[in-house]
file query_12.cif (mmCIF, N, CA and C atoms)
data_query
#
loop_
_atom_site.label_atom_id
_atom_site.label_comp_id
_atom_site.auth_asym_id
_atom_site.auth_seq_id
_atom_site.Cartn_x
_atom_site.Cartn_y
_atom_site.Cartn_z
N MET A 1 69.28 74.56 58.37
CA MET A 1 69.33 75.50 57.27
C MET A 1 70.48 76.48 57.52
N ALA A 2 71.30 76.72 56.53
CA ALA A 2 72.45 77.63 56.64
C ALA A 2 72.00 79.07 56.44
N LEU A 3 72.67 79.95 57.10
CA LEU A 3 72.41 81.39 56.95
C LEU A 3 72.86 81.81 55.56
N LYS A 4 71.95 82.40 54.79
CA LYS A 4 72.27 82.78 53.41
C LYS A 4 72.62 84.24 53.26
N ALA A 5 72.13 85.09 54.16
CA ALA A 5 72.40 86.53 54.02
C ALA A 5 72.16 87.22 55.36
N VAL A 6 72.86 88.32 55.51
CA VAL A 6 72.63 89.20 56.66
C VAL A 6 72.41 90.59 56.07
N LEU A 7 71.31 91.22 56.42
CA LEU A 7 70.98 92.54 55.90
C LEU A 7 71.06 93.57 57.02
N PHE A 8 71.65 94.69 56.72
CA PHE A 8 71.72 95.79 57.66
C PHE A 8 71.00 96.97 57.03
N GLY A 9 70.20 97.69 57.81
CA GLY A 9 69.41 98.76 57.23
C GLY A 9 69.57 100.11 57.86
N ALA A 10 70.68 100.41 58.44
CA ALA A 10 70.84 101.72 59.08
C ALA A 10 72.18 102.33 58.70
N LEU A 11 72.23 103.65 58.74
CA LEU A 11 73.49 104.35 58.49
C LEU A 11 74.53 103.94 59.52
N GLY A 12 75.73 103.76 59.07
CA GLY A 12 76.83 103.53 59.98
C GLY A 12 76.91 102.15 60.59
N VAL A 13 76.16 101.18 60.09
CA VAL A 13 76.20 99.84 60.66
C VAL A 13 77.52 99.16 60.31
N ILE A 14 77.91 99.20 59.05
CA ILE A 14 79.15 98.57 58.62
C ILE A 14 80.27 99.60 58.51
N ALA A 15 79.95 100.77 58.03
CA ALA A 15 80.92 101.85 57.88
C ALA A 15 80.23 103.16 58.24
N GLU A 16 80.98 104.08 58.77
CA GLU A 16 80.42 105.38 59.13
C GLU A 16 80.22 106.18 57.85
N THR A 17 78.96 106.39 57.49
CA THR A 17 78.63 107.06 56.24
C THR A 17 77.87 108.37 56.43
N SER A 18 77.58 108.74 57.65
CA SER A 18 76.73 109.91 57.86
C SER A 18 77.34 111.19 57.30
N ASP A 19 78.67 111.33 57.34
CA ASP A 19 79.26 112.55 56.81
C ASP A 19 79.15 112.60 55.29
N ILE A 20 79.19 111.45 54.65
CA ILE A 20 79.00 111.39 53.19
C ILE A 20 77.57 111.82 52.85
N TYR A 21 76.60 111.36 53.62
CA TYR A 21 75.22 111.78 53.41
C TYR A 21 75.07 113.28 53.63
N ARG A 22 75.70 113.80 54.66
CA ARG A 22 75.62 115.23 54.96
C ARG A 22 76.15 116.04 53.77
N GLN A 23 77.28 115.62 53.23
CA GLN A 23 77.85 116.31 52.08
C GLN A 23 76.93 116.22 50.86
N ALA A 24 76.30 115.07 50.68
CA ALA A 24 75.36 114.91 49.56
C ALA A 24 74.15 115.83 49.73
N PHE A 25 73.65 115.96 50.96
CA PHE A 25 72.56 116.91 51.20
C PHE A 25 73.01 118.32 50.82
N ASN A 26 74.20 118.73 51.26
CA ASN A 26 74.69 120.08 50.97
C ASN A 26 74.81 120.31 49.46
N LEU A 27 75.30 119.33 48.71
CA LEU A 27 75.37 119.46 47.26
C LEU A 27 73.98 119.55 46.64
N SER A 28 73.05 118.79 47.17
CA SER A 28 71.67 118.84 46.68
C SER A 28 71.05 120.21 46.92
N PHE A 29 71.28 120.77 48.10
CA PHE A 29 70.74 122.11 48.38
C PHE A 29 71.28 123.11 47.37
N LYS A 30 72.57 123.03 47.10
CA LYS A 30 73.19 123.95 46.15
C LYS A 30 72.58 123.79 44.76
N LYS A 31 72.38 122.54 44.32
CA LYS A 31 71.80 122.29 42.99
C LYS A 31 70.39 122.84 42.88
N HIS A 32 69.68 122.93 44.00
CA HIS A 32 68.31 123.43 43.99
C HIS A 32 68.23 124.91 44.38
N GLY A 33 69.37 125.57 44.42
CA GLY A 33 69.39 127.01 44.65
C GLY A 33 69.14 127.44 46.08
N LEU A 34 69.31 126.52 47.03
CA LEU A 34 69.12 126.87 48.44
C LEU A 34 70.45 127.27 49.07
N ASP A 35 70.41 128.29 49.88
CA ASP A 35 71.60 128.75 50.58
C ASP A 35 71.68 128.07 51.95
N TRP A 36 71.58 126.75 51.94
CA TRP A 36 71.63 125.96 53.17
C TRP A 36 72.95 125.22 53.21
N HIS A 37 73.50 125.09 54.38
CA HIS A 37 74.70 124.27 54.59
C HIS A 37 74.60 123.63 55.96
N TRP A 38 74.61 122.31 55.96
CA TRP A 38 74.56 121.59 57.23
C TRP A 38 75.96 121.26 57.68
N ASP A 39 76.37 121.85 58.80
CA ASP A 39 77.63 121.43 59.39
C ASP A 39 77.38 120.15 60.17
N ARG A 40 78.42 119.58 60.73
CA ARG A 40 78.27 118.29 61.42
C ARG A 40 77.30 118.37 62.60
N SER A 41 77.37 119.42 63.38
CA SER A 41 76.49 119.50 64.55
C SER A 41 75.03 119.64 64.14
N THR A 42 74.76 120.39 63.07
CA THR A 42 73.38 120.52 62.58
C THR A 42 72.87 119.17 62.11
N TYR A 43 73.68 118.45 61.33
CA TYR A 43 73.24 117.16 60.81
C TYR A 43 73.04 116.16 61.94
N GLU A 44 73.93 116.15 62.91
CA GLU A 44 73.77 115.24 64.06
C GLU A 44 72.46 115.51 64.79
N ARG A 45 72.10 116.78 64.93
CA ARG A 45 70.83 117.13 65.57
C ARG A 45 69.65 116.63 64.76
N LEU A 46 69.74 116.76 63.44
CA LEU A 46 68.66 116.32 62.57
C LEU A 46 68.51 114.81 62.54
N LEU A 47 69.56 114.08 62.86
CA LEU A 47 69.49 112.62 62.86
C LEU A 47 68.55 112.07 63.92
N PHE A 48 68.15 112.90 64.87
CA PHE A 48 67.16 112.46 65.86
C PHE A 48 65.78 112.33 65.25
N THR A 49 65.61 112.89 64.04
CA THR A 49 64.39 112.73 63.26
C THR A 49 64.67 111.65 62.22
N THR A 50 63.78 110.70 62.07
CA THR A 50 64.00 109.64 61.08
C THR A 50 63.68 110.14 59.68
N SER A 51 64.36 109.60 58.70
CA SER A 51 64.12 109.85 57.27
C SER A 51 64.79 111.14 56.79
N GLY A 52 65.54 111.00 55.71
CA GLY A 52 66.19 112.16 55.11
C GLY A 52 65.20 113.21 54.67
N LEU A 53 64.06 112.78 54.18
CA LEU A 53 63.02 113.73 53.77
C LEU A 53 62.56 114.55 54.97
N ARG A 54 62.38 113.91 56.10
CA ARG A 54 61.97 114.63 57.31
C ARG A 54 63.09 115.54 57.82
N HIS A 55 64.35 115.17 57.60
CA HIS A 55 65.45 116.06 57.97
C HIS A 55 65.32 117.39 57.24
N ILE A 56 65.03 117.30 55.94
CA ILE A 56 64.89 118.51 55.12
C ILE A 56 63.70 119.34 55.61
N GLN A 57 62.57 118.68 55.83
CA GLN A 57 61.37 119.39 56.30
C GLN A 57 61.62 120.06 57.65
N ARG A 58 62.25 119.34 58.55
CA ARG A 58 62.50 119.90 59.88
C ARG A 58 63.44 121.10 59.80
N TYR A 59 64.48 120.98 58.99
CA TYR A 59 65.42 122.09 58.86
C TYR A 59 64.72 123.32 58.28
N ALA A 60 63.88 123.11 57.28
CA ALA A 60 63.14 124.24 56.70
C ALA A 60 62.30 124.92 57.78
N GLU A 61 61.65 124.13 58.61
CA GLU A 61 60.87 124.70 59.72
C GLU A 61 61.77 125.46 60.68
N ASP A 62 62.92 124.88 61.00
CA ASP A 62 63.85 125.50 61.95
C ASP A 62 64.34 126.86 61.48
N VAL A 63 64.55 127.00 60.15
CA VAL A 63 65.05 128.27 59.62
C VAL A 63 63.94 129.17 59.08
N GLY A 64 62.68 128.73 59.25
CA GLY A 64 61.54 129.56 58.86
C GLY A 64 61.28 129.62 57.37
N GLU A 65 61.68 128.61 56.63
CA GLU A 65 61.44 128.55 55.19
C GLU A 65 60.15 127.78 54.92
N GLU A 66 59.29 128.34 54.11
CA GLU A 66 58.08 127.64 53.70
C GLU A 66 58.27 127.21 52.26
N LEU A 67 58.42 125.91 52.06
CA LEU A 67 58.66 125.37 50.73
C LEU A 67 57.55 124.38 50.39
N ASP A 68 57.31 124.23 49.10
CA ASP A 68 56.32 123.26 48.62
C ASP A 68 56.77 121.85 49.02
N PRO A 69 55.87 121.03 49.55
CA PRO A 69 56.24 119.67 49.94
C PRO A 69 56.88 118.85 48.81
N GLY A 70 56.47 119.09 47.58
CA GLY A 70 57.08 118.40 46.44
C GLY A 70 58.53 118.78 46.25
N PHE A 71 58.88 120.01 46.63
CA PHE A 71 60.26 120.46 46.53
C PHE A 71 61.16 119.69 47.49
N PHE A 72 60.63 119.37 48.68
CA PHE A 72 61.39 118.55 49.63
C PHE A 72 61.75 117.22 48.99
N ALA A 73 60.79 116.62 48.31
CA ALA A 73 61.01 115.32 47.66
C ALA A 73 62.05 115.44 46.54
N GLU A 74 62.01 116.54 45.78
CA GLU A 74 63.00 116.75 44.72
C GLU A 74 64.41 116.85 45.30
N ILE A 75 64.54 117.59 46.38
CA ILE A 75 65.85 117.73 47.04
C ILE A 75 66.34 116.36 47.50
N HIS A 76 65.45 115.60 48.12
CA HIS A 76 65.82 114.29 48.64
C HIS A 76 66.21 113.34 47.51
N THR A 77 65.50 113.38 46.40
CA THR A 77 65.82 112.53 45.27
C THR A 77 67.18 112.90 44.69
N THR A 78 67.45 114.19 44.57
CA THR A 78 68.75 114.64 44.07
C THR A 78 69.86 114.16 44.99
N LYS A 79 69.65 114.25 46.29
CA LYS A 79 70.65 113.77 47.26
C LYS A 79 70.96 112.30 47.03
N ALA A 80 69.94 111.52 46.74
CA ALA A 80 70.14 110.08 46.54
C ALA A 80 70.93 109.77 45.29
N LEU A 81 70.90 110.68 44.31
CA LEU A 81 71.59 110.46 43.04
C LEU A 81 73.02 110.98 43.04
N ILE A 82 73.39 111.72 44.07
CA ILE A 82 74.75 112.27 44.14
C ILE A 82 75.73 111.21 44.56
#
call {"tool": "encode", "arguments": {"input": "query_12.cif", "output": "structure tokens"}}
result
Amino acid sequence: MALKAVLFGALGVIAETSDIYRQAFNLSFKKHGLDWHWDRSTYERLLFTTSGLRHIQRYAEDVGEELDPGFFAEIHTTKALI
């Protein structure tokens, strides 16, 4: 049987895309009225946590922000559409 497809499921497997994701997160924060900005070192630290949604939750905890869990999902959805 011949190989029909190869699937990759992680950031940066074929091309380095993490900085594009970081920029999309920053635009999403701005669209939702948050005064958050992830520089490269902050985003790299957050990458030790899996899932973009968890990155947002962890950062909120780190900066002492208490946000509705549904708001985290809205931010994450907006990031995906940017």
call {"tool": "atom_distance", "arguments": {"input": "query_12.cif", "atom1": "CA of Asp68 in chain A", "atom2": "CA of Thr17 in chain A"}}
result
28.6 Å
call {"tool": "resolve_selection", "arguments": {"input": "query_12.cif", "expression": "the PyMOL selection byres (((chain A and resi 58 and name CA) around 12) and name CA)", "output": "list in words"}}
result
Thr42, Tyr43, Arg45, Leu46, Leu47, Phe48, Thr49, Thr50, Ser51, Gly52, Leu53, Arg54, His55, Ile56, Gln57, Tyr59, Ala60, Glu61, Asp62, Val63, Gly64, Glu65, Glu66, Leu67, Pro69 and Phe72 of chain A
call {"tool": "resolve_selection", "arguments": {"input": "query_12.cif", "expression": "the PyMOL selection byres (((chain A and resi 36 and name CA) around 10) and name CA)", "output": "list in words"}}
result
Phe25, Asn26, Leu27, Ser28, Phe29, Lys30, Gly33, Leu34, Asp35, His37, Trp38, Asp39, Tyr59, Ala60 and Val63 of chain A
call {"tool": "select_by_dssp", "arguments": {"input": "query_12.cif", "residues": "chain A", "states": "helix (DSSP H, G or I)", "output": "PyMOL selection string"}}
result
chain A and resi 18-31+40-46+52-62+69-81
call {"tool": "atom_distance", "arguments": {"input": "query_12.cif", "atom1": "CA of Asp19 in chain A", "atom2": "CA of Glu44 in chain A"}}
result
9.5 Å
call {"tool": "atom_distance", "arguments": {"input": "query_12.cif", "atom1": "atom C of Ile82 in chain A", "atom2": "CA of Glu16 in chain A"}}
result
16.4 Å
call {"tool": "closest_residue", "arguments": {"input": "query_12.cif", "among": "A:Ala5, A:Thr78, A:Gly70, A:Arg40", "to": "Arg22 in chain A", "atoms": "only C-alpha atoms"}}
result
A:Arg40
